[in-house]
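The file work_39.cif contains mmCIF, C-alpha atoms:
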data_model
#
loop_
_atom_site.label_atom_id
_atom_site.label_comp_id
_atom_site.auth_asym_id
_atom_site.auth_seq_id
_atom_site.Cartn_x
_atom_site.Cartn_y
_atom_site.Cartn_z
CA MET U 274 -15.69 -8.34 -4.46
CA THR U 275 -14.23 -10.12 -7.44
CA ALA U 276 -12.44 -7.07 -8.83
CA ALA U 277 -12.26 -3.36 -8.05
CA GLU U 278 -11.39 -0.41 -10.20
CA LEU U 279 -8.39 1.62 -9.12
CA ARG U 280 -8.38 5.19 -10.40
CA PRO U 281 -5.30 7.45 -10.36
CA VAL U 282 -5.37 10.35 -7.90
CA GLY U 283 -2.19 11.77 -9.45
CA TRP U 284 0.94 11.00 -11.43
CA VAL U 285 4.66 11.00 -10.68
CA ARG U 286 6.66 13.57 -12.61
CA SER U 287 10.28 12.40 -12.46
CA PRO U 288 13.48 13.09 -14.42
CA VAL U 289 13.75 9.27 -14.69
CA ALA U 290 11.66 7.98 -17.59
CA ASP U 291 13.13 4.53 -18.19
CA PRO U 292 12.69 1.77 -15.58
CA SER U 293 16.17 0.45 -16.41
CA ASP U 294 17.60 3.76 -15.15
CA ALA U 295 15.63 3.71 -11.89
CA VAL U 296 17.15 2.71 -8.57
CA ARG U 297 15.39 -0.11 -6.77
CA GLN U 298 14.45 1.65 -3.55
CA GLY U 299 13.92 5.28 -2.63
CA ASP U 300 16.91 5.30 -0.26
CA GLU U 301 19.34 4.27 -3.00
CA GLY U 302 19.83 7.69 -4.58
CA ALA U 303 16.40 8.19 -6.15
CA PRO U 304 15.66 11.73 -7.34
CA ASP U 305 13.19 14.12 -5.80
CA VAL U 306 9.96 13.98 -7.79
CA VAL U 307 6.70 15.86 -8.15
CA VAL U 308 3.28 14.29 -7.60
CA GLU U 309 0.80 16.07 -9.83
CA LEU U 310 -2.61 15.61 -8.23
CA ASP U 311 -5.79 15.16 -10.16
CA PRO U 312 -7.90 18.28 -9.54
CA SER U 313 -10.83 16.09 -8.43
CA VAL U 314 -8.94 15.07 -5.24
CA ALA U 315 -7.48 18.45 -4.26
CA ALA U 316 -9.60 18.52 -1.08
CA ALA U 317 -8.11 15.18 0.03
CA ALA U 318 -4.63 16.76 0.02
CA ALA U 319 -5.63 19.96 1.82
CA ASP U 320 -3.95 19.04 5.10
CA LEU U 321 -0.57 17.89 3.81
CA HIS U 322 2.28 20.13 4.96
CA PRO U 323 5.99 20.41 4.17
CA GLY U 324 7.98 18.13 6.42
CA ASP U 325 5.27 15.45 6.55
CA GLU U 326 6.44 11.84 6.16
CA LEU U 327 4.14 10.19 3.66
CA LEU U 328 3.56 6.86 2.00
CA LEU U 329 2.87 7.11 -1.71
CA LEU U 330 1.02 4.16 -3.15
CA THR U 331 1.59 3.86 -6.88
CA TRP U 332 0.56 1.54 -9.67
CA PHE U 333 3.50 0.03 -11.54
CA HIS U 334 1.80 0.30 -14.91
CA LEU U 335 4.73 -1.34 -16.74
CA ALA U 336 4.79 -4.44 -14.50
CA ASP U 337 4.10 -8.04 -15.50
CA ARG U 338 1.10 -9.16 -13.44
CA THR U 339 1.57 -12.83 -14.32
CA THR U 340 4.91 -13.08 -12.49
CA LEU U 341 4.71 -15.11 -9.25
CA ALA U 342 8.44 -15.66 -8.58
CA VAL U 343 11.59 -13.66 -9.35
CA HIS U 344 15.32 -13.66 -8.74
CA PRO U 345 15.60 -10.97 -6.03
CA ARG U 346 17.01 -7.73 -7.42
CA SER U 347 17.30 -9.48 -10.82
CA ASP U 348 20.39 -11.34 -9.52
CA THR U 349 20.22 -14.69 -11.30
CA THR U 350 22.69 -16.21 -8.83
CA ARG U 351 19.94 -15.89 -6.19
CA PRO U 352 17.19 -18.49 -6.12
CA GLN U 353 13.72 -17.78 -7.51
CA THR U 354 11.60 -16.33 -4.73
CA GLY U 355 7.82 -15.95 -4.47
CA VAL U 356 7.01 -12.29 -5.14
CA PHE U 357 5.14 -11.78 -1.85
CA ALA U 358 8.55 -12.17 -0.14
CA THR U 359 10.06 -9.49 -2.42
CA ARG U 360 9.45 -5.90 -3.46
CA SER U 361 9.50 -6.79 -7.17
CA PRO U 362 7.20 -4.53 -9.20
CA ASP U 363 6.16 -7.67 -11.12
CA ARG U 364 3.34 -9.18 -9.01
CA PRO U 365 -0.39 -9.88 -9.31
CA ASN U 366 -1.41 -6.38 -8.19
CA PRO U 367 1.60 -4.17 -8.90
CA ILE U 368 1.11 -1.59 -6.15
CA GLY U 369 4.25 0.35 -5.25
CA LEU U 370 4.87 1.65 -1.72
CA HIS U 371 7.22 4.60 -1.35
CA ARG U 372 8.13 6.42 1.82
CA VAL U 373 8.85 10.06 1.07
CA ARG U 374 9.04 13.45 2.77
CA LEU U 375 6.88 16.30 1.53
CA LEU U 376 9.20 19.18 0.62
CA ARG U 377 6.85 21.77 -0.82
CA VAL U 378 3.25 22.18 -1.96
CA ASP U 379 2.56 24.31 -5.02
CA GLY U 380 -1.15 24.09 -5.84
CA LEU U 381 -1.75 20.59 -7.20
CA LEU U 382 1.99 19.81 -7.23
CA LEU U 383 3.48 17.97 -4.26
CA HIS U 384 7.27 18.09 -4.30
CA VAL U 385 8.62 15.04 -2.46
CA SER U 386 12.00 13.59 -1.61
CA GLY U 387 13.67 10.55 -3.21
CA CYS U 388 11.22 8.27 -5.01
CA GLU U 389 12.22 5.55 -7.45
CA ALA U 390 8.94 5.50 -9.44
CA VAL U 391 9.49 6.55 -13.06
CA ASP U 392 7.89 9.46 -14.86
CA GLY U 393 4.21 8.91 -15.53
CA THR U 394 3.64 6.33 -12.79
CA PRO U 395 0.06 6.65 -11.51
CA VAL U 396 -0.35 7.50 -7.82
CA VAL U 397 -3.33 5.71 -6.28
CA ASP U 398 -3.19 6.79 -2.61
CA ILE U 399 -1.29 8.98 -0.17
CA LYS U 400 -1.16 8.16 3.55
CA PRO U 401 0.58 9.68 6.55
CA VAL U 402 3.27 7.57 8.17
CA LEU U 403 2.03 6.41 11.57
CA GLY U 404 4.96 5.93 13.88
CA ALA U 405 3.33 3.32 16.07
CA VAL U 406 2.12 1.22 13.17
CA ASP U 407 4.76 1.67 10.48
CA GLU U 408 7.93 2.09 12.50
CA ARG U 409 7.71 -0.24 15.45
CA MET F 76 -3.55 4.36 -17.40
CA THR F 77 -6.98 5.76 -16.68
CA ALA F 78 -8.05 2.84 -14.49
CA ALA F 79 -6.67 -0.54 -13.48
CA GLU F 80 -8.37 -3.67 -12.27
CA LEU F 81 -7.41 -4.88 -8.84
CA ARG F 82 -8.03 -8.58 -8.24
CA PRO F 83 -8.03 -10.20 -4.78
CA VAL F 84 -5.10 -12.51 -4.00
CA GLY F 85 -6.82 -13.63 -0.80
CA TRP F 86 -9.33 -12.72 1.89
CA VAL F 87 -9.14 -11.91 5.59
CA ARG F 88 -10.86 -14.43 7.85
CA SER F 89 -11.46 -12.63 11.14
CA PRO F 90 -13.69 -13.12 14.18
CA VAL F 91 -14.67 -9.46 13.66
CA ALA F 92 -17.41 -9.16 11.04
CA ASP F 93 -18.80 -5.69 11.70
CA PRO F 94 -16.70 -2.59 11.01
CA SER F 95 -18.23 -0.87 14.04
CA ASP F 96 -16.62 -3.55 16.23
CA ALA F 97 -13.18 -3.20 14.65
CA VAL F 98 -10.36 -1.29 16.31
CA ARG F 99 -8.82 1.47 14.21
CA GLN F 100 -5.23 0.26 14.01
CA GLY F 101 -3.61 -3.14 14.31
CA ASP F 102 -1.74 -2.17 17.46
CA GLU F 103 -4.93 -1.30 19.35
CA GLY F 104 -5.93 -4.82 20.33
CA ALA F 105 -6.92 -6.24 16.95
CA PRO F 106 -7.35 -10.02 16.81
CA ASP F 107 -5.08 -12.46 15.05
CA VAL F 108 -6.57 -13.30 11.66
CA VAL F 109 -6.11 -15.75 8.82
CA VAL F 110 -5.37 -14.73 5.25
CA GLU F 111 -6.88 -17.32 2.94
CA LEU F 112 -4.90 -17.15 -0.29
CA ASP F 113 -6.41 -17.66 -3.70
CA PRO F 114 -4.94 -20.93 -5.06
CA SER F 115 -3.82 -19.11 -8.22
CA VAL F 116 -1.17 -17.16 -6.25
CA ALA F 117 0.16 -19.96 -4.05
CA ALA F 118 3.59 -19.75 -5.74
CA ALA F 119 3.86 -16.06 -4.84
CA ALA F 120 3.63 -16.97 -1.14
CA ALA F 121 6.09 -19.88 -1.27
CA ASP F 122 8.88 -18.02 0.53
CA LEU F 123 6.92 -16.60 3.45
CA HIS F 124 8.03 -17.99 6.79
CA PRO F 125 6.77 -17.78 10.38
CA GLY F 126 8.28 -14.77 12.10
CA ASP F 127 8.33 -12.64 8.93
CA GLU F 128 7.15 -9.06 9.32
CA LEU F 129 4.75 -8.37 6.47
CA LEU F 130 2.64 -5.60 5.06
CA LEU F 131 -0.83 -6.70 4.04
CA LEU F 132 -2.49 -4.46 1.49
CA THR F 133 -6.24 -4.82 1.58
CA TRP F 134 -9.23 -3.32 -0.20
CA PHE F 135 -11.74 -1.72 2.17
CA HIS F 136 -14.71 -2.96 0.21
CA LEU F 137 -17.21 -1.22 2.52
CA ALA F 138 -15.58 2.22 2.21
CA ASP F 139 -17.10 5.36 0.70
CA ARG F 140 -14.85 6.32 -2.21
CA THR F 141 -16.42 9.76 -2.60
CA THR F 142 -15.17 10.97 0.81
CA LEU F 143 -12.36 13.54 0.55
CA ALA F 144 -12.33 14.86 4.15
CA VAL F 145 -13.19 13.34 7.53
CA HIS F 146 -13.13 14.10 11.23
CA PRO F 147 -10.06 12.11 12.33
CA ARG F 148 -11.05 8.94 14.20
CA SER F 149 -14.71 10.00 13.76
CA ASP F 150 -14.22 12.58 16.53
CA THR F 151 -16.51 15.42 15.50
CA THR F 152 -14.73 17.81 17.88
CA ARG F 153 -11.70 17.56 15.57
CA PRO F 154 -11.71 19.60 12.36
CA GLN F 155 -12.42 18.03 8.98
CA THR F 156 -9.16 16.82 7.51
CA GLY F 157 -8.28 15.85 3.95
CA VAL F 158 -8.18 12.04 3.81
CA PHE F 159 -4.62 11.89 2.44
CA ALA F 160 -3.51 13.21 5.87
CA THR F 161 -5.48 10.44 7.64
CA ARG F 162 -5.77 6.65 7.66
CA SER F 163 -9.54 6.77 7.13
CA PRO F 164 -10.80 3.80 5.10
CA ASP F 165 -13.06 6.24 3.27
CA ARG F 166 -10.86 7.63 0.45
CA PRO F 167 -10.76 7.60 -3.37
CA ASN F 168 -8.90 4.26 -3.53
CA PRO F 169 -9.63 2.51 -0.22
CA ILE F 170 -6.43 0.50 0.11
CA GLY F 171 -5.65 -0.63 3.64
CA LEU F 172 -2.09 -1.07 4.89
CA HIS F 173 -1.55 -3.43 7.82
CA ARG F 174 1.73 -4.38 9.42
CA VAL F 175 1.54 -7.92 10.76
CA ARG F 176 3.76 -10.81 11.80
CA LEU F 177 3.36 -14.19 10.15
CA LEU F 178 2.65 -16.74 12.87
CA ARG F 179 2.03 -19.95 10.94
CA VAL F 180 1.52 -21.21 7.40
CA ASP F 181 -0.99 -23.99 6.82
CA GLY F 182 -1.30 -24.59 3.09
CA LEU F 183 -3.15 -21.61 1.66
CA LEU F 184 -3.84 -20.20 5.13
CA LEU F 185 -1.51 -17.57 6.52
CA HIS F 186 -2.07 -17.02 10.25
CA VAL F 187 -1.00 -13.48 11.13
CA SER F 188 -0.92 -11.32 14.23
CA GLY F 189 -3.24 -8.41 15.05
CA CYS F 190 -5.05 -7.00 12.04
CA GLU F 191 -8.05 -4.67 12.20
CA ALA F 192 -9.51 -5.60 8.79
CA VAL F 193 -12.94 -7.24 9.14
CA ASP F 194 -13.94 -10.70 7.98
CA GLY F 195 -14.16 -10.96 4.21
CA THR F 196 -11.88 -8.01 3.43
CA PRO F 197 -10.05 -8.71 0.15
CA VAL F 198 -6.25 -8.86 0.32
CA VAL F 199 -4.63 -7.34 -2.77
CA ASP F 200 -0.90 -7.63 -2.03
CA ILE F 201 1.60 -8.91 0.53
CA LYS F 202 5.06 -7.37 0.89
CA PRO F 203 7.99 -7.92 3.22
CA VAL F 204 8.81 -5.07 5.60
CA LEU F 205 12.09 -3.51 4.52
CA GLY F 206 13.84 -2.04 7.53
CA ALA F 207 15.77 0.63 5.65
CA VAL F 208 12.75 1.84 3.72
CA ASP F 209 9.87 1.32 6.13
CA GLU F 210 11.47 1.94 9.48
CA ARG F 211 13.94 4.75 9.04
#
Kindly return the structure encoded in the file as structure tokens.
Amino acid sequence: MTAAELRPVGWVRSPVADPSDAVRQGDEGAPDVVVELDPSVAAAAADLHPGDELLLLTWFHLADRTTLAVHPRSDTTRPQTGVFATRSPDRPNPIGLHRVRLLRVDGLLLHVSGCEAVDGTPVVDIKPVLGAVDER
Amino acid sequence: MTAAELRPVGWVRSPVADPSDAVRQGDEGAPDVVVELDPSVAAAAADLHPGDELLLLTWFHLADRTTLAVHPRSDTTRPQTGVFATRSPDRPNPIGLHRVRLLRVDGLLLHVSGCEAVDGTPVVDIKPVLGAVDER
């Protein structure tokens, strides 16, 4: 594989539209958001239930893919750090990883708890949290 | 965004070449593997150090992207389940998520602990584990 095509399975609908207004991580006061699923993947979401802990994988469509090092949390007093040691959205493949709780399912709309992705962010995958793998 | 192009930042070098020989999760006896980085992203990996807990994001290049429901763990006695409630590699965007520990860095080669991805699997991102976000 030299390249692969990522296709959205849904989109984040958030009251936060501007990245400069977004918090940096979902546990820093991010709003509850809605994931609007693409109808073509409805069957893939059939077994998601309120209360589930999920990982949303998003595509930071506004990111700079040429960035290889950043000042962590945009703090210029901190040294430049290779992006693989940070959660910067600016990175070669700007995939976002967000741990959320599913609050409510309303047809193609998944209501989830605190997520820092801005309105319109494409969702590319949804996975269950596996305690043994993700939390050990 | 209607589609985005994912480009490998590296490849898994594993003694396991055949998916039928792979374990299903990294904590089920998967071998240590090497991530061979693409030279173009060397600067992004500059601040990774032995002992770091990392998330490898891979691209399951052998997966079936048309699959929307599976029998969990290929156990046909279990009911078909929408793939977003499973960790099946067969899913619309077959991104793998692997929690590993960095053992050793040797130039462009990252030696990491137990990872179930087979030899040749493209790596698309590397992120640090964030305790507050990933482990709560």
Extract, using all atoms listed in the file, all DNA, RNA and protein residues at most 8 Å from Leu178 of chain F, discarding same-chain residues fewer than 2 positions from it, and format them as a PDB file with C-alpha atoms, in the coordinates of the input.
ATOM      1  CA  PRO F 125       6.770 -17.780  10.380  1.00  0.00           C
ATOM      2  CA  GLY F 126       8.280 -14.770  12.100  1.00  0.00           C
ATOM      3  CA  ARG F 176       3.760 -10.810  11.800  1.00  0.00           C
ATOM      4  CA  VAL F 180       1.520 -21.210   7.400  1.00  0.00           C
ATOM      5  CA  LEU F 185      -1.510 -17.570   6.520  1.00  0.00           C
ATOM      6  CA  HIS F 186      -2.070 -17.020  10.250  1.00  0.00           C
ATOM      7  CA  VAL F 187      -1.000 -13.480  11.130  1.00  0.00           C
ATOM      8  CA  SER F 188      -0.920 -11.320  14.230  1.00  0.00           C
TER       9      SER F 188
END
So what does the PyMOL selection byres ((chain F and resi 132) around 10) actually pick up in this one, as a list in words? Asn366 and Ile368 of chain U; Leu129, Leu130, Leu131, Thr133, Trp134, Phe135, Ile170, Gly171, Leu172, His173, Arg174, Pro197, Val198, Val199, Asp200, Ile201 and Lys202 of chain F
Which chain U residues are at most 9 Å from chain F (counting all atoms listed in the file), as a PyMOL selection string? chain U and resi 274-282+298-300+314-321+327+330+332+334+340-342+354-360+364-368+371-372+394-395+397-401+403-409
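Atom pair atom CA of Leu382 of chain U / atom CA of Pro288 of chain U has a distance of 15.1 Å (rounded to one decimal).
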Moved chain U, fitted on chain F by every C-alpha in sequence order, as an mmCIF file with C-alpha atoms, keeping the file's coordinate frame:
data_model
loop_
_atom_site.group_PDB
_atom_site.id
_atom_site.type_symbol
_atom_site.label_atom_id
_atom_site.label_comp_id
_atom_site.auth_asym_id
_atom_site.auth_seq_id
_atom_site.Cartn_x
_atom_site.Cartn_y
_atom_site.Cartn_z
ATOM 1 C CA MET U 274 -3.550 4.373 -17.435
ATOM 2 C CA THR U 275 -6.976 5.749 -16.692
ATOM 3 C CA ALA U 276 -8.051 2.847 -14.487
ATOM 4 C CA ALA U 277 -6.665 -0.540 -13.483
ATOM 5 C CA GLU U 278 -8.365 -3.660 -12.276
ATOM 6 C CA LEU U 279 -7.388 -4.871 -8.831
ATOM 7 C CA ARG U 280 -8.008 -8.566 -8.243
ATOM 8 C CA PRO U 281 -8.016 -10.193 -4.786
ATOM 9 C CA VAL U 282 -5.100 -12.508 -4.007
ATOM 10 C CA GLY U 283 -6.818 -13.625 -0.793
ATOM 11 C CA TRP U 284 -9.333 -12.728 1.887
ATOM 12 C CA VAL U 285 -9.139 -11.921 5.590
ATOM 13 C CA ARG U 286 -10.855 -14.432 7.845
ATOM 14 C CA SER U 287 -11.436 -12.635 11.151
ATOM 15 C CA PRO U 288 -13.685 -13.128 14.194
ATOM 16 C CA VAL U 289 -14.659 -9.453 13.661
ATOM 17 C CA ALA U 290 -17.408 -9.159 11.054
ATOM 18 C CA ASP U 291 -18.812 -5.695 11.728
ATOM 19 C CA PRO U 292 -16.692 -2.590 11.028
ATOM 20 C CA SER U 293 -18.235 -0.871 14.062
ATOM 21 C CA ASP U 294 -16.631 -3.556 16.254
ATOM 22 C CA ALA U 295 -13.182 -3.203 14.678
ATOM 23 C CA VAL U 296 -10.344 -1.306 16.315
ATOM 24 C CA ARG U 297 -8.833 1.462 14.230
ATOM 25 C CA GLN U 298 -5.253 0.245 14.016
ATOM 26 C CA GLY U 299 -3.642 -3.163 14.327
ATOM 27 C CA ASP U 300 -1.761 -2.180 17.498
ATOM 28 C CA GLU U 301 -4.961 -1.308 19.362
ATOM 29 C CA GLY U 302 -5.969 -4.833 20.355
ATOM 30 C CA ALA U 303 -6.915 -6.235 16.946
ATOM 31 C CA PRO U 304 -7.344 -10.015 16.807
ATOM 32 C CA ASP U 305 -5.068 -12.446 15.048
ATOM 33 C CA VAL U 306 -6.565 -13.279 11.660
ATOM 34 C CA VAL U 307 -6.114 -15.738 8.824
ATOM 35 C CA VAL U 308 -5.362 -14.719 5.239
ATOM 36 C CA GLU U 309 -6.863 -17.318 2.940
ATOM 37 C CA LEU U 310 -4.894 -17.156 -0.300
ATOM 38 C CA ASP U 311 -6.394 -17.670 -3.694
ATOM 39 C CA PRO U 312 -4.937 -20.925 -5.056
ATOM 40 C CA SER U 313 -3.819 -19.109 -8.229
ATOM 41 C CA VAL U 314 -1.165 -17.154 -6.249
ATOM 42 C CA ALA U 315 0.174 -19.957 -4.043
ATOM 43 C CA ALA U 316 3.589 -19.762 -5.750
ATOM 44 C CA ALA U 317 3.867 -16.058 -4.850
ATOM 45 C CA ALA U 318 3.633 -16.969 -1.145
ATOM 46 C CA ALA U 319 6.093 -19.869 -1.283
ATOM 47 C CA ASP U 320 8.883 -18.029 0.523
ATOM 48 C CA LEU U 321 6.937 -16.582 3.444
ATOM 49 C CA HIS U 322 8.040 -18.008 6.792
ATOM 50 C CA PRO U 323 6.785 -17.782 10.376
ATOM 51 C CA GLY U 324 8.288 -14.783 12.099
ATOM 52 C CA ASP U 325 8.334 -12.652 8.936
ATOM 53 C CA GLU U 326 7.151 -9.045 9.309
ATOM 54 C CA LEU U 327 4.758 -8.361 6.469
ATOM 55 C CA LEU U 328 2.639 -5.586 5.056
ATOM 56 C CA LEU U 329 -0.830 -6.692 4.034
ATOM 57 C CA LEU U 330 -2.485 -4.464 1.486
ATOM 58 C CA THR U 331 -6.252 -4.821 1.578
ATOM 59 C CA TRP U 332 -9.229 -3.325 -0.192
ATOM 60 C CA PHE U 333 -11.739 -1.726 2.166
ATOM 61 C CA HIS U 334 -14.728 -2.961 0.201
ATOM 62 C CA LEU U 335 -17.221 -1.230 2.528
ATOM 63 C CA ALA U 336 -15.594 2.217 2.206
ATOM 64 C CA ASP U 337 -17.102 5.364 0.704
ATOM 65 C CA ARG U 338 -14.860 6.327 -2.220
ATOM 66 C CA THR U 339 -16.430 9.771 -2.594
ATOM 67 C CA THR U 340 -15.174 10.967 0.806
ATOM 68 C CA LEU U 341 -12.347 13.537 0.553
ATOM 69 C CA ALA U 342 -12.329 14.859 4.147
ATOM 70 C CA VAL U 343 -13.182 13.333 7.533
ATOM 71 C CA HIS U 344 -13.125 14.114 11.230
ATOM 72 C CA PRO U 345 -10.054 12.113 12.335
ATOM 73 C CA ARG U 346 -11.040 8.961 14.208
ATOM 74 C CA SER U 347 -14.701 10.018 13.773
ATOM 75 C CA ASP U 348 -14.208 12.616 16.548
ATOM 76 C CA THR U 349 -16.506 15.458 15.518
ATOM 77 C CA THR U 350 -14.724 17.853 17.885
ATOM 78 C CA ARG U 351 -11.701 17.588 15.556
ATOM 79 C CA PRO U 352 -11.694 19.623 12.365
ATOM 80 C CA GLN U 353 -12.422 18.048 8.978
ATOM 81 C CA THR U 354 -9.154 16.833 7.505
ATOM 82 C CA GLY U 355 -8.289 15.852 3.929
ATOM 83 C CA VAL U 356 -8.181 12.048 3.802
ATOM 84 C CA PHE U 357 -4.617 11.885 2.439
ATOM 85 C CA ALA U 358 -3.513 13.205 5.865
ATOM 86 C CA THR U 359 -5.479 10.432 7.627
ATOM 87 C CA ARG U 360 -5.772 6.657 7.642
ATOM 88 C CA SER U 361 -9.549 6.780 7.111
ATOM 89 C CA PRO U 362 -10.796 3.790 5.106
ATOM 90 C CA ASP U 363 -13.068 6.248 3.256
ATOM 91 C CA ARG U 364 -10.873 7.629 0.435
ATOM 92 C CA PRO U 365 -10.750 7.585 -3.369
ATOM 93 C CA ASN U 366 -8.897 4.256 -3.539
ATOM 94 C CA PRO U 367 -9.633 2.515 -0.242
ATOM 95 C CA ILE U 368 -6.431 0.493 0.096
ATOM 96 C CA GLY U 369 -5.666 -0.642 3.639
ATOM 97 C CA LEU U 370 -2.089 -1.079 4.885
ATOM 98 C CA HIS U 371 -1.549 -3.433 7.805
ATOM 99 C CA ARG U 372 1.727 -4.392 9.398
ATOM 100 C CA VAL U 373 1.533 -7.923 10.749
ATOM 101 C CA ARG U 374 3.758 -10.816 11.798
ATOM 102 C CA LEU U 375 3.363 -14.192 10.133
ATOM 103 C CA LEU U 376 2.649 -16.741 12.871
ATOM 104 C CA ARG U 377 2.042 -19.940 10.947
ATOM 105 C CA VAL U 378 1.523 -21.198 7.401
ATOM 106 C CA ASP U 379 -0.983 -23.986 6.827
ATOM 107 C CA GLY U 380 -1.285 -24.592 3.082
ATOM 108 C CA LEU U 381 -3.139 -21.597 1.648
ATOM 109 C CA LEU U 382 -3.844 -20.192 5.130
ATOM 110 C CA LEU U 383 -1.491 -17.561 6.532
ATOM 111 C CA HIS U 384 -2.055 -17.016 10.242
ATOM 112 C CA VAL U 385 -0.995 -13.470 11.143
ATOM 113 C CA SER U 386 -0.909 -11.306 14.235
ATOM 114 C CA GLY U 387 -3.243 -8.402 15.079
ATOM 115 C CA CYS U 388 -5.044 -6.997 12.041
ATOM 116 C CA GLU U 389 -8.043 -4.688 12.206
ATOM 117 C CA ALA U 390 -9.516 -5.617 8.787
ATOM 118 C CA VAL U 391 -12.936 -7.257 9.143
ATOM 119 C CA ASP U 392 -13.946 -10.704 7.975
ATOM 120 C CA GLY U 393 -14.165 -10.957 4.209
ATOM 121 C CA THR U 394 -11.868 -8.023 3.432
ATOM 122 C CA PRO U 395 -10.049 -8.707 0.148
ATOM 123 C CA VAL U 396 -6.247 -8.859 0.318
ATOM 124 C CA VAL U 397 -4.633 -7.352 -2.777
ATOM 125 C CA ASP U 398 -0.889 -7.633 -2.028
ATOM 126 C CA ILE U 399 1.598 -8.920 0.525
ATOM 127 C CA LYS U 400 5.058 -7.361 0.889
ATOM 128 C CA PRO U 401 7.995 -7.919 3.212
ATOM 129 C CA VAL U 402 8.814 -5.086 5.582
ATOM 130 C CA LEU U 403 12.099 -3.506 4.509
ATOM 131 C CA GLY U 404 13.842 -2.064 7.515
ATOM 132 C CA ALA U 405 15.750 0.602 5.641
ATOM 133 C CA VAL U 406 12.731 1.832 3.728
ATOM 134 C CA ASP U 407 9.810 1.325 6.099
ATOM 135 C CA GLU U 408 11.394 1.884 9.487
ATOM 136 C CA ARG U 409 13.889 4.682 9.124
#
Could you spell out the hits of the PyMOL selection byres ((chain F and resi 95) around 12) on the shown file, as a VMD selection string? chain F and resid 91 to 94 96 to 99 137 149 191 to 193
When you draw a straight line from atom CA of Val110 of chain F to atom CA of Ala138 of chain F, how long is it in Å? 20.0 Å
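Between atom CA of Asp150 of chain F and atom CA of Asp311 of chain U lies a distance of 28.1 Å.
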Set up a box along x, y and z of the file covering all listed atoms of segment 131-136 of chain F, add 6 Å on every one of the six sides, and write the centre and edge lengths in Å to one decimal, as AutoDock Vina command-line options.
--center_x -7.8 --center_y -4.2 --center_z 1.9 --size_x 25.9 --size_y 17.0 --size_z 16.2
Result set, the PyMOL selection byres ((chain U and resi 305) around 7) on current file, as a PyMOL selection string: chain U and resi 303-304+306+385-388
